[in-house]
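Here is entry-v2.json, consisting of JSON, C-alpha atoms:
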```json
[["chain", "number", "residue", "atom", "x", "y", "z"],
["A", 1178, "MET", "CA", 6.94, -20.70, -56.00],
["A", 1179, "ILE", "CA", 4.86, -17.51, -56.13],
["A", 1180, "ALA", "CA", 1.73, -19.47, -55.27],
["A", 1181, "ARG", "CA", 3.39, -20.99, -52.21],
["A", 1182, "PHE", "CA", 4.63, -17.54, -51.10],
["A", 1183, "LEU", "CA", 1.13, -16.04, -51.42],
["A", 1184, "ALA", "CA", -0.33, -18.96, -49.49],
["A", 1185, "LEU", "CA", 2.19, -18.35, -46.69],
["A", 1186, "LEU", "CA", 1.29, -14.66, -46.52],
["A", 1187, "LEU", "CA", -2.41, -15.48, -46.31],
["A", 1188, "SER", "CA", -1.77, -17.90, -43.45],
["A", 1189, "LEU", "CA", -0.09, -15.26, -41.26],
["A", 1190, "PRO", "CA", -2.22, -13.51, -38.61],
["A", 1191, "ALA", "CA", -3.36, -9.99, -39.38],
["A", 1192, "GLY", "CA", -1.62, -7.10, -37.68],
["A", 1193, "PRO", "CA", 1.92, -6.73, -36.31],
["A", 1194, "LEU", "CA", 3.51, -9.54, -34.31],
["A", 1195, "VAL", "CA", 4.38, -7.63, -31.13],
["A", 1196, "ALA", "CA", 5.05, -9.44, -27.83],
["A", 1197, "ALA", "CA", 3.37, -8.10, -24.71],
["A", 1198, "ASP", "CA", 5.60, -6.15, -22.33],
["A", 1199, "GLY", "CA", 6.65, -8.37, -19.46],
["A", 1200, "VAL", "CA", 6.17, -6.63, -16.12],
["A", 1201, "ARG", "CA", 7.30, -8.28, -12.90],
["A", 1202, "LEU", "CA", 5.43, -6.70, -9.99],
["A", 1203, "CYS", "CA", 7.08, -7.25, -6.59],
["A", 1204, "LEU", "CA", 4.63, -7.17, -3.70],
["A", 1205, "ASN", "CA", 5.42, -5.71, -0.29],
["A", 1206, "TRP", "CA", 4.47, -8.99, 1.35],
["A", 1207, "ALA", "CA", 2.79, -12.30, 0.64],
["A", 1208, "PRO", "CA", -0.37, -11.95, -1.48],
["A", 1209, "GLY", "CA", -3.32, -10.74, 0.56],
["A", 1210, "ALA", "CA", -6.62, -8.92, 0.36],
["A", 1211, "ASP", "CA", -5.10, -5.56, -0.52],
["A", 1212, "HIS", "CA", -3.54, -7.17, -3.60],
["A", 1213, "ALA", "CA", -6.82, -8.76, -4.76],
["A", 1214, "PRO", "CA", -7.49, -6.06, -7.41],
["A", 1215, "LEU", "CA", -4.22, -6.97, -9.13],
["A", 1216, "TYR", "CA", -5.26, -10.60, -9.44],
["A", 1217, "TYR", "CA", -8.77, -9.58, -10.51],
["A", 1218, "ALA", "CA", -7.49, -7.31, -13.27],
["A", 1219, "ARG", "CA", -5.15, -10.05, -14.48],
["A", 1220, "GLU", "CA", -7.91, -12.67, -14.39],
["A", 1221, "ARG", "CA", -10.23, -10.38, -16.36],
["A", 1222, "GLY", "CA", -7.55, -9.96, -19.03],
["A", 1223, "TRP", "CA", -7.18, -6.21, -18.53],
["A", 1224, "PHE", "CA", -3.39, -6.37, -18.38],
["A", 1225, "ALA", "CA", -3.30, -8.57, -21.47],
["A", 1226, "ASP", "CA", -5.59, -6.11, -23.27],
["A", 1227, "ALA", "CA", -3.03, -3.42, -22.44],
["A", 1228, "ASP", "CA", -0.24, -5.60, -23.90],
["A", 1229, "ILE", "CA", 1.21, -6.32, -20.46],
["A", 1230, "ALA", "CA", 2.17, -9.80, -19.29],
["A", 1231, "LEU", "CA", 2.01, -9.35, -15.53],
["A", 1232, "ASP", "CA", 4.03, -11.57, -13.19],
["A", 1233, "ILE", "CA", 3.04, -10.96, -9.55],
["A", 1234, "ARG", "CA", 5.80, -11.87, -7.10],
["A", 1235, "ALA", "CA", 5.51, -12.22, -3.32],
["A", 1236, "GLY", "CA", 7.85, -10.11, -1.18],
["A", 1237, "GLY", "CA", 9.29, -9.81, 2.28],
["A", 1238, "GLY", "CA", 8.40, -6.24, 3.18],
["A", 1239, "SER", "CA", 8.51, -2.83, 1.53],
["A", 1240, "GLY", "CA", 12.29, -2.61, 1.82],
["A", 1241, "ASP", "CA", 12.62, -5.95, 0.07],
["A", 1242, "ALA", "CA", 10.29, -4.89, -2.75],
["A", 1243, "LEU", "CA", 12.14, -1.61, -3.30],
["A", 1244, "ALA", "CA", 15.53, -3.34, -3.21],
["A", 1245, "LYS", "CA", 14.37, -5.74, -5.93],
["A", 1246, "LEU", "CA", 13.01, -2.82, -7.93],
["A", 1247, "ALA", "CA", 16.37, -1.03, -7.69],
["A", 1248, "ALA", "CA", 18.25, -4.20, -8.68],
["A", 1249, "GLY", "CA", 16.11, -4.70, -11.78],
["A", 1250, "GLU", "CA", 14.50, -7.89, -10.44],
["A", 1251, "CYS", "CA", 11.09, -6.31, -11.04],
["A", 1252, "GLU", "CA", 9.75, -3.45, -13.13],
["A", 1253, "ALA", "CA", 7.22, -2.25, -10.54],
["A", 1254, "ALA", "CA", 6.63, -2.69, -6.83],
["A", 1255, "ILE", "CA", 4.05, -2.20, -4.12],
["A", 1256, "ALA", "CA", 5.66, -0.56, -1.10],
["A", 1257, "ASP", "CA", 4.93, 1.69, 1.85],
["A", 1258, "PHE", "CA", 5.38, 5.34, 0.91],
["A", 1259, "SER", "CA", 7.57, 6.10, 3.92],
["A", 1260, "ALA", "CA", 9.92, 3.29, 2.85],
["A", 1261, "LEU", "CA", 10.03, 4.77, -0.66],
["A", 1262, "ILE", "CA", 10.93, 8.18, 0.78],
["A", 1263, "SER", "CA", 13.73, 6.60, 2.82],
["A", 1264, "ALA", "CA", 15.03, 4.78, -0.26],
["A", 1265, "ARG", "CA", 15.06, 8.05, -2.18],
["A", 1266, "VAL", "CA", 16.93, 9.84, 0.61],
["A", 1267, "ALA", "CA", 19.47, 7.00, 0.56],
["A", 1268, "GLY", "CA", 20.23, 7.70, -3.10],
["A", 1269, "GLY", "CA", 17.77, 5.42, -4.90],
["A", 1270, "ASP", "CA", 15.40, 6.48, -7.67],
["A", 1271, "PRO", "CA", 12.00, 4.92, -6.89],
["A", 1272, "VAL", "CA", 8.98, 7.04, -7.82],
["A", 1273, "ALA", "CA", 5.41, 6.55, -6.62],
["A", 1274, "VAL", "CA", 3.10, 6.62, -9.63],
["A", 1275, "MET", "CA", -0.14, 5.86, -7.77],
["A", 1276, "ASN", "CA", -1.23, 5.67, -4.14],
["A", 1277, "VAL", "CA", -3.01, 2.49, -3.08],
["A", 1278, "PHE", "CA", -3.83, 3.50, 0.50],
["A", 1279, "ALA", "CA", -4.97, 7.12, 0.47],
["A", 1280, "ASP", "CA", -5.44, 7.04, 4.24],
["A", 1281, "SER", "CA", -3.01, 5.77, 6.84],
["A", 1282, "PRO", "CA", -3.53, 2.60, 8.91],
["A", 1283, "LEU", "CA", -1.38, 4.02, 11.74],
["A", 1284, "ALA", "CA", -3.14, 3.50, 15.05],
["A", 1285, "PHE", "CA", -2.76, 2.94, 18.78],
["A", 1286, "TYR", "CA", -4.84, 0.08, 20.18],
["A", 1287, "SER", "CA", -5.86, -0.34, 23.81],
["A", 1288, "LEU", "CA", -8.56, -1.97, 25.90],
["A", 1289, "ASP", "CA", -11.52, -0.16, 27.41],
["A", 1290, "THR", "CA", -10.18, -0.78, 30.92],
["A", 1291, "ALA", "CA", -7.12, 1.40, 30.16],
["A", 1292, "HIS", "CA", -9.35, 4.46, 29.54],
["A", 1293, "ILE", "CA", -7.12, 5.79, 26.76],
["A", 1294, "ASP", "CA", -9.65, 7.89, 24.91],
["A", 1295, "SER", "CA", -7.36, 10.71, 23.74],
["A", 1296, "PRO", "CA", -3.69, 11.21, 22.84],
["A", 1297, "LEU", "CA", -3.09, 13.00, 26.15],
["A", 1298, "ALA", "CA", -4.01, 9.80, 27.97],
["A", 1299, "LEU", "CA", -0.95, 8.10, 26.45],
["A", 1300, "ALA", "CA", 1.36, 9.89, 28.89],
["A", 1301, "GLY", "CA", 3.02, 7.40, 31.22],
["A", 1302, "LYS", "CA", 1.70, 4.39, 29.32],
["A", 1303, "ARG", "CA", 3.61, 1.38, 28.01],
["A", 1304, "ILE", "CA", 3.43, 1.09, 24.20],
["A", 1305, "ALA", "CA", 4.26, -2.18, 22.45],
["A", 1306, "ALA", "CA", 6.35, -1.64, 19.32],
["A", 1307, "TYR", "CA", 9.54, -2.90, 17.70],
["A", 1308, "ALA", "CA", 12.59, -0.84, 16.81],
["A", 1309, "THR", "CA", 11.62, 0.01, 13.22],
["A", 1310, "ASP", "CA", 7.86, 0.04, 13.76],
["A", 1311, "PRO", "CA", 6.34, 2.88, 11.68],
["A", 1312, "PRO", "CA", 4.47, 4.36, 14.67],
["A", 1313, "LYS", "CA", 7.67, 4.36, 16.72],
["A", 1314, "ARG", "CA", 9.67, 5.96, 13.90],
["A", 1315, "LEU", "CA", 7.04, 8.69, 13.52],
["A", 1316, "TRP", "CA", 6.36, 9.10, 17.22],
["A", 1317, "ALA", "CA", 8.04, 12.53, 17.43],
["A", 1318, "ALA", "CA", 5.58, 13.92, 14.86],
["A", 1319, "TYR", "CA", 2.64, 12.39, 16.73],
["A", 1320, "ALA", "CA", 3.79, 13.73, 20.09],
["A", 1321, "LYS", "CA", 4.21, 17.21, 18.61],
["A", 1322, "ALA", "CA", 0.74, 17.17, 17.04],
["A", 1323, "ALA", "CA", -0.79, 15.88, 20.28],
["A", 1324, "ASP", "CA", 1.13, 18.45, 22.34],
["A", 1325, "ILE", "CA", 2.57, 15.83, 24.66],
["A", 1326, "GLY", "CA", 6.18, 15.20, 25.60],
["A", 1327, "ALA", "CA", 7.94, 12.73, 23.31],
["A", 1328, "ASP", "CA", 9.63, 11.18, 26.36],
["A", 1329, "THR", "CA", 6.46, 10.64, 28.38],
["A", 1330, "VAL", "CA", 5.76, 7.11, 27.16],
["A", 1331, "ASN", "CA", 7.57, 3.84, 27.77],
["A", 1332, "TRP", "CA", 8.28, 1.56, 24.82],
["A", 1333, "VAL", "CA", 7.93, -2.20, 25.22],
["A", 1334, "ASP", "CA", 9.76, -4.17, 22.53],
["A", 1335, "ARG", "CA", 7.29, -6.52, 20.84],
["A", 1336, "PRO", "CA", 6.97, -7.77, 17.23],
["A", 1337, "ASN", "CA", 3.60, -7.54, 15.52],
["A", 1338, "ASN", "CA", 2.76, -11.17, 16.22],
["A", 1339, "ALA", "CA", 3.16, -10.64, 19.98],
["A", 1340, "LYS", "CA", 1.31, -7.36, 20.45],
["A", 1341, "VAL", "CA", -2.19, -8.81, 20.86],
["A", 1342, "ALA", "CA", -0.89, -11.08, 23.61],
["A", 1343, "ALA", "CA", 0.95, -8.16, 25.22],
["A", 1344, "LEU", "CA", -2.33, -6.26, 25.55],
["A", 1345, "ASP", "CA", -4.24, -9.31, 26.70],
["A", 1346, "HIS", "CA", -1.69, -10.25, 29.37],
["A", 1347, "GLY", "CA", -1.15, -6.72, 30.63],
["A", 1348, "GLU", "CA", 2.44, -6.52, 29.38],
["A", 1349, "ALA", "CA", 1.61, -3.25, 27.61],
["A", 1350, "ASP", "CA", -1.14, -0.65, 27.88],
["A", 1351, "VAL", "CA", -1.10, 0.21, 24.19],
["A", 1352, "ALA", "CA", -0.14, -1.56, 20.96],
["A", 1353, "ALA", "CA", 1.25, 0.47, 18.06],
["A", 1354, "ASN", "CA", 0.05, -0.65, 14.63],
["A", 1355, "GLY", "CA", 1.30, 0.42, 11.22],
["A", 1356, "PHE", "CA", -0.30, -2.16, 8.94],
["A", 1357, "TYR", "CA", -3.95, -2.40, 7.93],
["A", 1358, "HIS", "CA", -4.38, -6.17, 8.18],
["A", 1359, "HIS", "CA", -3.48, -6.39, 11.87],
["A", 1360, "HIS", "CA", -6.70, -4.53, 12.67],
["A", 1361, "VAL", "CA", -8.52, -7.80, 11.97],
["A", 1362, "GLU", "CA", -6.50, -9.56, 14.68],
["A", 1363, "TYR", "CA", -7.22, -6.92, 17.33],
["A", 1364, "ALA", "CA", -10.92, -6.78, 16.46],
["A", 1365, "ALA", "CA", -11.21, -10.58, 16.61],
["A", 1366, "ALA", "CA", -9.36, -10.81, 19.93],
["A", 1367, "PHE", "CA", -11.09, -8.01, 21.82],
["A", 1368, "GLY", "CA", -14.36, -7.14, 20.08],
["A", 1369, "THR", "CA", -16.22, -4.30, 21.79],
["A", 1370, "ARG", "CA", -13.46, -3.99, 24.40],
["A", 1371, "LEU", "CA", -11.10, -2.56, 21.78],
["A", 1372, "ARG", "CA", -10.36, 1.16, 21.65],
["A", 1373, "VAL", "CA", -8.54, 2.77, 18.71],
["A", 1374, "LEU", "CA", -6.75, 6.09, 18.35],
["A", 1375, "TRP", "CA", -6.37, 6.61, 14.60],
["A", 1376, "TRP", "CA", -3.41, 8.81, 13.78],
["A", 1377, "ARG", "CA", -5.27, 10.35, 10.86],
["A", 1378, "ASP", "CA", -7.79, 11.86, 13.29],
["A", 1379, "LEU", "CA", -4.91, 13.87, 14.75],
["A", 1380, "GLY", "CA", -3.75, 15.05, 11.34],
["A", 1381, "ILE", "CA", -0.89, 12.56, 10.99],
["A", 1382, "ASN", "CA", -2.05, 10.83, 7.83],
["A", 1383, "PRO", "CA", 0.84, 9.66, 5.64],
["A", 1384, "TYR", "CA", 0.06, 7.80, 2.45],
["A", 1385, "GLY", "CA", 0.26, 4.03, 2.91],
["A", 1386, "ASN", "CA", 1.09, 1.56, 0.14],
["A", 1387, "VAL", "CA", 1.92, 2.93, -3.30],
["A", 1388, "LEU", "CA", 2.69, 1.58, -6.76],
["A", 1389, "ALA", "CA", 6.31, 2.39, -7.57],
["A", 1390, "VAL", "CA", 8.61, 2.28, -10.57],
["A", 1391, "THR", "CA", 12.10, 3.72, -11.06],
["A", 1392, "ALA", "CA", 12.84, 7.09, -12.58],
["A", 1393, "ARG", "CA", 14.90, 5.21, -15.17],
["A", 1394, "SER", "CA", 11.94, 3.10, -16.27],
["A", 1395, "MET", "CA", 9.72, 6.17, -16.44],
["A", 1396, "ALA", "CA", 12.07, 7.62, -19.03],
["A", 1397, "ALA", "CA", 12.83, 4.41, -20.92],
["A", 1398, "ALA", "CA", 9.39, 2.78, -20.93],
["A", 1399, "THR", "CA", 6.94, 5.63, -20.57],
["A", 1400, "ALA", "CA", 4.15, 3.96, -22.56],
["A", 1401, "THR", "CA", 4.40, 0.74, -20.55],
["A", 1402, "VAL", "CA", 4.26, 2.60, -17.24],
["A", 1403, "GLU", "CA", 1.22, 4.55, -18.42],
["A", 1404, "ARG", "CA", -0.62, 1.39, -19.45],
["A", 1405, "LEU", "CA", 0.34, -0.39, -16.23],
["A", 1406, "VAL", "CA", -0.90, 2.43, -14.00],
["A", 1407, "ALA", "CA", -4.21, 2.71, -15.86],
["A", 1408, "VAL", "CA", -4.98, -0.99, -15.42],
["A", 1409, "VAL", "CA", -3.99, -1.02, -11.74],
["A", 1410, "GLN", "CA", -6.22, 2.01, -11.18],
["A", 1411, "ARG", "CA", -9.09, 0.30, -12.94],
["A", 1412, "GLY", "CA", -8.64, -2.85, -10.89],
["A", 1413, "TYR", "CA", -8.71, -1.11, -7.52],
["A", 1414, "ALA", "CA", -11.64, 1.09, -8.50],
["A", 1415, "ALA", "CA", -13.62, -1.95, -9.66],
["A", 1416, "CYS", "CA", -13.08, -3.78, -6.39],
["A", 1417, "ALA", "CA", -14.61, -1.06, -4.24],
["A", 1418, "ASP", "CA", -17.97, -2.79, -4.68],
["A", 1419, "PRO", "CA", -18.66, -5.63, -5.14],
["A", 1420, "ALA", "CA", -15.61, -7.20, -3.53],
["A", 1421, "ALA", "CA", -16.52, -10.87, -3.99],
["A", 1422, "PRO", "CA", -15.19, -11.28, -7.58],
["A", 1423, "CYS", "CA", -11.88, -9.69, -6.60],
["A", 1424, "LEU", "CA", -11.44, -11.89, -3.55],
["A", 1425, "ALA", "CA", -12.35, -14.92, -5.66],
["A", 1426, "ALA", "CA", -9.56, -14.03, -8.11],
["A", 1427, "LEU", "CA", -7.09, -13.70, -5.22],
["A", 1428, "LEU", "CA", -8.09, -17.09, -3.81],
["A", 1429, "ALA", "CA", -8.00, -18.78, -7.21],
["A", 1430, "ALA", "CA", -4.38, -17.72, -7.61],
["A", 1431, "ASN", "CA", -3.51, -18.38, -3.95],
["A", 1432, "PRO", "CA", -5.69, -21.30, -2.81],
["A", 1433, "HIS", "CA", -3.86, -21.62, 0.51],
["A", 1434, "LEU", "CA", -5.44, -18.39, 1.77],
["A", 1435, "ASP", "CA", -8.44, -18.42, 4.12],
["A", 1436, "ALA", "CA", -11.48, -16.88, 2.44],
["A", 1437, "ALA", "CA", -13.08, -15.52, 5.62],
["A", 1438, "ARG", "CA", -9.86, -13.92, 6.81],
["A", 1439, "GLU", "CA", -9.19, -12.27, 3.47],
["A", 1440, "ALA", "CA", -12.75, -10.93, 3.37],
["A", 1441, "ALA", "CA", -12.24, -9.42, 6.83],
["A", 1442, "LYS", "CA", -8.94, -7.91, 5.74],
["A", 1443, "TRP", "CA", -10.53, -6.39, 2.64],
["A", 1444, "ALA", "CA", -13.24, -4.84, 4.80],
["A", 1445, "ALA", "CA", -10.49, -3.25, 6.90],
["A", 1446, "ALA", "CA", -8.67, -2.04, 3.79],
["A", 1447, "VAL", "CA", -11.58, -0.39, 1.99],
["A", 1448, "PRO", "CA", -11.83, 2.69, 4.28],
["A", 1449, "LEU", "CA", -8.14, 3.35, 3.61],
["A", 1450, "LEU", "CA", -8.39, 2.79, -0.13],
["A", 1451, "TYR", "CA", -11.44, 4.96, -0.64],
["A", 1452, "PRO", "CA", -11.72, 7.54, 2.19],
["A", 1453, "PRO", "CA", -14.68, 9.96, 2.02],
["A", 1454, "GLN", "CA", -12.49, 12.92, 1.09],
["A", 1455, "SER", "CA", -11.42, 11.18, -2.14],
["A", 1456, "ALA", "CA", -14.92, 10.20, -3.26],
["A", 1457, "THR", "CA", -14.82, 12.42, -6.35],
["A", 1458, "ALA", "CA", -11.06, 12.44, -6.94],
["A", 1459, "THR", "CA", -8.99, 10.49, -9.43],
["A", 1460, "TYR", "CA", -8.21, 7.18, -7.80],
["A", 1461, "GLY", "CA", -4.54, 6.99, -6.81],
["A", 1462, "ALA", "CA", -3.72, 10.70, -7.12],
["A", 1463, "PHE", "CA", -1.28, 12.34, -4.71],
["A", 1464, "ASP", "CA", -1.74, 15.72, -3.06],
["A", 1465, "ALA", "CA", 1.57, 17.61, -3.08],
["A", 1466, "SER", "CA", 1.00, 19.26, 0.30],
["A", 1467, "ARG", "CA", 0.36, 15.88, 1.91],
["A", 1468, "VAL", "CA", 3.52, 14.49, 0.36],
["A", 1469, "GLU", "CA", 5.50, 17.39, 1.81],
["A", 1470, "ALA", "CA", 4.00, 16.64, 5.23],
["A", 1471, "ASP", "CA", 4.89, 12.96, 4.87],
["A", 1472, "ILE", "CA", 8.50, 13.89, 4.13],
["A", 1473, "ALA", "CA", 8.64, 16.31, 7.04],
["A", 1474, "HIS", "CA", 7.40, 13.60, 9.39],
["A", 1475, "ALA", "CA", 9.71, 10.91, 8.07],
["A", 1476, "THR", "CA", 12.99, 12.65, 7.31],
["A", 1477, "ALA", "CA", 14.98, 15.85, 7.63],
["A", 1478, "ALA", "CA", 15.44, 15.98, 3.86],
["A", 1479, "ASP", "CA", 14.89, 19.22, 1.96],
["A", 1480, "PRO", "CA", 11.32, 19.93, 0.72],
["A", 1481, "PRO", "CA", 12.34, 19.73, -2.99],
["A", 1482, "LEU", "CA", 12.48, 15.96, -2.49],
["A", 1483, "ALA", "CA", 8.67, 16.01, -2.68],
["A", 1484, "ARG", "CA", 8.82, 16.76, -6.39],
["A", 1485, "ALA", "CA", 10.96, 13.68, -6.99],
["A", 1486, "VAL", "CA", 9.19, 10.97, -4.99],
["A", 1487, "PHE", "CA", 5.82, 10.99, -6.77],
["A", 1488, "THR", "CA", 4.06, 11.84, -10.00],
["A", 1489, "ASN", "CA", 0.42, 11.94, -11.11],
["A", 1490, "ARG", "CA", 1.30, 12.14, -14.81],
["A", 1491, "PHE", "CA", 0.43, 8.51, -15.60],
["A", 1492, "LEU", "CA", -2.97, 8.43, -13.87],
["A", 1493, "ASP", "CA", -6.19, 8.12, -15.85],
["A", 1494, "ALA", "CA", -8.26, 11.04, -14.55],
["A", 1495, "GLY", "CA", -11.46, 9.21, -15.48],
["A", 1496, "VAL", "CA", -10.95, 6.43, -12.95],
["A", 1497, "ILE", "CA", -13.00, 7.27, -9.86],
["A", 1498, "PRO", "CA", -14.14, 4.59, -7.41],
["A", 1499, "SER", "CA", -17.89, 3.88, -7.46],
["A", 1500, "ARG", "CA", -19.22, 3.37, -3.96]]
```
Show how you would write the structure in this file as C-alpha cells.
Amino acid sequence: MIARFLALLLSLPAGPLVAADGVRLCLNWAPGADHAPLYYARERGWFADADIALDIRAGGGSGDALAKLAAGECEAAIADFSALISARVAGGDPVAVMNVFADSPLAFYSLDTAHIDSPLALAGKRIAAYATDPPKRLWAAYAKAADIGADTVNWVDRPNNAKVAALDHGEADVAANGFYHHHVEYAAAFGTRLRVLWWRDLGINPYGNVLAVTARSMAAATATVERLVAVVQRGYAACADPAAPCLAALLAANPHLDAAREAAKWAAAVPLLYPPQSATATYGAFDASRVEADIAHATAADPPLARAVFTNRFLDAGVIPSR
C-alpha cells in the first residue's frame, strides 16, 4: 500500500496544479491589422507564459464590446476611448488600462480640386458623415479650435462604405473619417489627388482604441489584469518592427483575410500606435491632461471623471516600442 502511494506521488508533475486564468477579450470589430499583436503574442505563447488562456472574440463596434464587458461576457475589451467615456457617463464602470492608439485617426478627406488646404476652407462645404460619426459628434470642438462657425458646413448623410463614392461622384466636398483603416480605401481610390486634414494637427487629438476592463475586475482580479496588460503591451511594442511575423499570426488565425490589405492597414495604423512624441514613453500610458481634454470634447461631464476612466497602474514601464 505504502509503495503504491509513493509511486503515485512520484508520478505527479512537480509544482502546483493551477489552471491558467481564462480571459475573453472582446474586439471592437472583426479581427484586423490593429489586432495583429494580440494574435502574435498568443501564438508566441506569451499569454500562456503569464498563466492566461486568451480567447479573442470578434465584435460589432466599440459599443458592442463595452456592452459585453459590462454584462460579463468578456473580461477585457478593445474599444474607442470616446465610447468608453460615454459608457462611464451613462453609469457603467469600464476603465482604460492601456491606450492602443496614442494618436487620433480623425480626419477630413477631400480631393485636390476642392482646394481645401486648411480648416477655414471647410466653410460652406458639404461633409459626408452619418449621425453618430465621431467627427460629427466632435465637430463643435473642431470648429472652436479652427475658429470657424459650427453652422457653416452642410452635413451629407453617408455611411462609411459610401463616403469614397460620395467624394468621387461629387455628392460631397469632404468625407469625415474616424477610423484608421478607412485611410487605406481613400488612398487606394484617389492616390496623389487625396488631401487630408488631420484633426491632431489642429490640437484635437483624442486617444483612439484602448484596452479596457471593469473597475470590478480591477479590484477582484488585480494580478490577472496586471499580467494581461503587460503581455498586450509587449505584443504591440514587438510589432512596431518587423511587422511581418505579427501579420502572419493574424492571417494564420483568420485565413479569410487579405494579406495585402492587412499589410496596408497596419502601415496606416503604425503612425497612430507609435507617434514621435511617445518614442521614449512607456507604451500605452495615458497623459492626464489629454484625458481631460478628451472628456471636455466629448461630454459635459465634470472633470473628476478623468480620474475614473483610466489608470496607468498596470503598465510595465520598461515596455517602450523599438523603432
Give the answer as one residue: which of A:Pro1453, A:Pro1311, A:Gly1238, A:Gly1301 has the shortest atom-to-atom distance to Asp1328 of chain A, using only C-alpha atoms?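 When distances to Asp1328 of chain A are compared using only C-alpha atoms, the smallest one comes from A:Gly1301.
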Restricting the calculation to all atoms listed in the file: of A:Lys1302, A:His1433, A:Arg1411, A:His1474, which residue gets closest to Tyr1217 of chain A?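 Selected residue with least distance to Tyr1217 of chain A: A:Arg1411.
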Computed interatomic separation between atom CA of Ala1430 of chain A and atom CA of Asn1354 of chain A (Å):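 Taking atom CA of Ala1430 of chain A and atom CA of Asn1354 of chain A, their separation equals 28.4 Å.
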From the list A:Ala1456, A:Ala1260, A:Asn1337, A:Leu1388, which residue is nearest Val1408 of chain A when using all atoms listed in the file? A:Leu1388
One decimal, in Å: what's the spacing between atom CA of Lys1340 of chain A and atom CA of Ala1353 of chain A? 8.2 Å
Can you list every residue of segment 1379-1469 of chain A that has an atom at most 6 Å from segment 1270-1283 of chain A, with its nearest atom pair and the distance in Å to one decimal, using all atoms listed in the file, ordered by chain then number, as JSON lines?
```
{"residue": "A:Asn1382", "atom": "CA", "partner": "A:Ser1281", "partner_atom": "CA", "distance": 5.2}
{"residue": "A:Pro1383", "atom": "CA", "partner": "A:Ser1281", "partner_atom": "CA", "distance": 5.6}
{"residue": "A:Tyr1384", "atom": "CA", "partner": "A:Ala1279", "partner_atom": "CA", "distance": 5.4}
{"residue": "A:Gly1385", "atom": "CA", "partner": "A:Phe1278", "partner_atom": "CA", "distance": 4.8}
{"residue": "A:Asn1386", "atom": "CA", "partner": "A:Val1277", "partner_atom": "CA", "distance": 5.3}
{"residue": "A:Val1387", "atom": "CA", "partner": "A:Asn1276", "partner_atom": "CA", "distance": 4.3}
{"residue": "A:Leu1388", "atom": "CA", "partner": "A:Met1275", "partner_atom": "CA", "distance": 5.2}
{"residue": "A:Ala1389", "atom": "CA", "partner": "A:Ala1273", "partner_atom": "CA", "distance": 4.4}
{"residue": "A:Val1390", "atom": "CA", "partner": "A:Val1272", "partner_atom": "CA", "distance": 5.5}
{"residue": "A:Thr1391", "atom": "CA", "partner": "A:Pro1271", "partner_atom": "CA", "distance": 4.3}
{"residue": "A:Ala1392", "atom": "CA", "partner": "A:Asp1270", "partner_atom": "CA", "distance": 5.6}
{"residue": "A:Leu1449", "atom": "CA", "partner": "A:Asp1280", "partner_atom": "CA", "distance": 4.6}
{"residue": "A:Leu1450", "atom": "CA", "partner": "A:Phe1278", "partner_atom": "CA", "distance": 4.7}
{"residue": "A:Gly1461", "atom": "CA", "partner": "A:Asn1276", "partner_atom": "CA", "distance": 4.5}
```
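Straight-line separation from atom CA of Glu1439 of chain A to atom CA of Leu1371 of chain A: 20.8 Å.
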Pick the closest to Ala1470 of chain A from A:Ile1262, A:Arg1490, A:Gln1410, A:Ile1255: which is it, counting all atoms listed in the file?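 Looking at the shortest contact to Ala1470 of chain A, the residue is A:Ile1262.
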So for segment 1225-1236 of chain A, what box centre and size do we get, axis-aligned, 5 Å extra on each of the six sides, every listed atom, Å to one decimal, as AutoDock Vina command-line options?
```
--center_x 1.1 --center_y -7.8 --center_z -12.5 --size_x 23.4 --size_y 18.8 --size_z 32.7
```
Would you pick out the contacts of Asn1338 of chain A at 10 Å or less, using only C-alpha atoms, so that residues sharing its chain but fewer than 5 positions from it are not included, and give the list as a VMD selection string? chain A and resid 1343 1359 1362
Could you list, as a PDB file with C-alpha atoms, in the coordinates of the input, every residue within 10 Å of segment 1229-1231 of chain A, counting all atoms listed in the file and ignoring same-chain residues fewer than 5 positions away?
```pdb
ATOM      1  CA  ALA A1196       5.050  -9.440 -27.830  1.00  0.00           C
ATOM      2  CA  ALA A1197       3.370  -8.100 -24.710  1.00  0.00           C
ATOM      3  CA  ASP A1198       5.600  -6.150 -22.330  1.00  0.00           C
ATOM      4  CA  GLY A1199       6.650  -8.370 -19.460  1.00  0.00           C
ATOM      5  CA  VAL A1200       6.170  -6.630 -16.120  1.00  0.00           C
ATOM      6  CA  ARG A1201       7.300  -8.280 -12.900  1.00  0.00           C
ATOM      7  CA  LEU A1202       5.430  -6.700  -9.990  1.00  0.00           C
ATOM      8  CA  LEU A1215      -4.220  -6.970  -9.130  1.00  0.00           C
ATOM      9  CA  TYR A1216      -5.260 -10.600  -9.440  1.00  0.00           C
ATOM     10  CA  ALA A1218      -7.490  -7.310 -13.270  1.00  0.00           C
ATOM     11  CA  ARG A1219      -5.150 -10.050 -14.480  1.00  0.00           C
ATOM     12  CA  GLY A1222      -7.550  -9.960 -19.030  1.00  0.00           C
ATOM     13  CA  TRP A1223      -7.180  -6.210 -18.530  1.00  0.00           C
ATOM     14  CA  PHE A1224      -3.390  -6.370 -18.380  1.00  0.00           C
ATOM     15  CA  THR A1401       4.400   0.740 -20.550  1.00  0.00           C
ATOM     16  CA  VAL A1402       4.260   2.600 -17.240  1.00  0.00           C
ATOM     17  CA  ARG A1404      -0.620   1.390 -19.450  1.00  0.00           C
ATOM     18  CA  LEU A1405       0.340  -0.390 -16.230  1.00  0.00           C
ATOM     19  CA  VAL A1408      -4.980  -0.990 -15.420  1.00  0.00           C
TER      20      VAL A1408
END
```
Measuring between all atoms listed in the file, which one of A:Ala1426, A:Ala1437, A:Ala1256, A:Val1333 shows the shortest distance to Asn1205 of chain A?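 Closest candidate: A:Ala1256.
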Which one of A:Gly1495, A:Glu1252, A:Arg1314, A:Ala1291 sits closest to Ala1397 of chain A if you count all atoms listed in the file? A:Glu1252
Extract, using all atoms listed in the file, all DNA, RNA and protein residues at most 12 Å from His1358 of chain A, discarding same-chain residues fewer than 6 positions from it, and format them as a list of chain:residue names.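 The residues satisfying every condition are A:Trp1206, A:Pro1208, A:Gly1209, A:Ala1210, A:Asp1211, A:His1212, A:Pro1282, A:Leu1283, A:Ala1284, A:Asn1337, A:Asn1338, A:Ala1364, A:Ala1365, A:Arg1438, A:Glu1439, A:Ala1440, A:Ala1441, A:Lys1442, A:Trp1443, A:Ala1444, A:Ala1445, A:Ala1446, A:Val1447, A:Leu1449.
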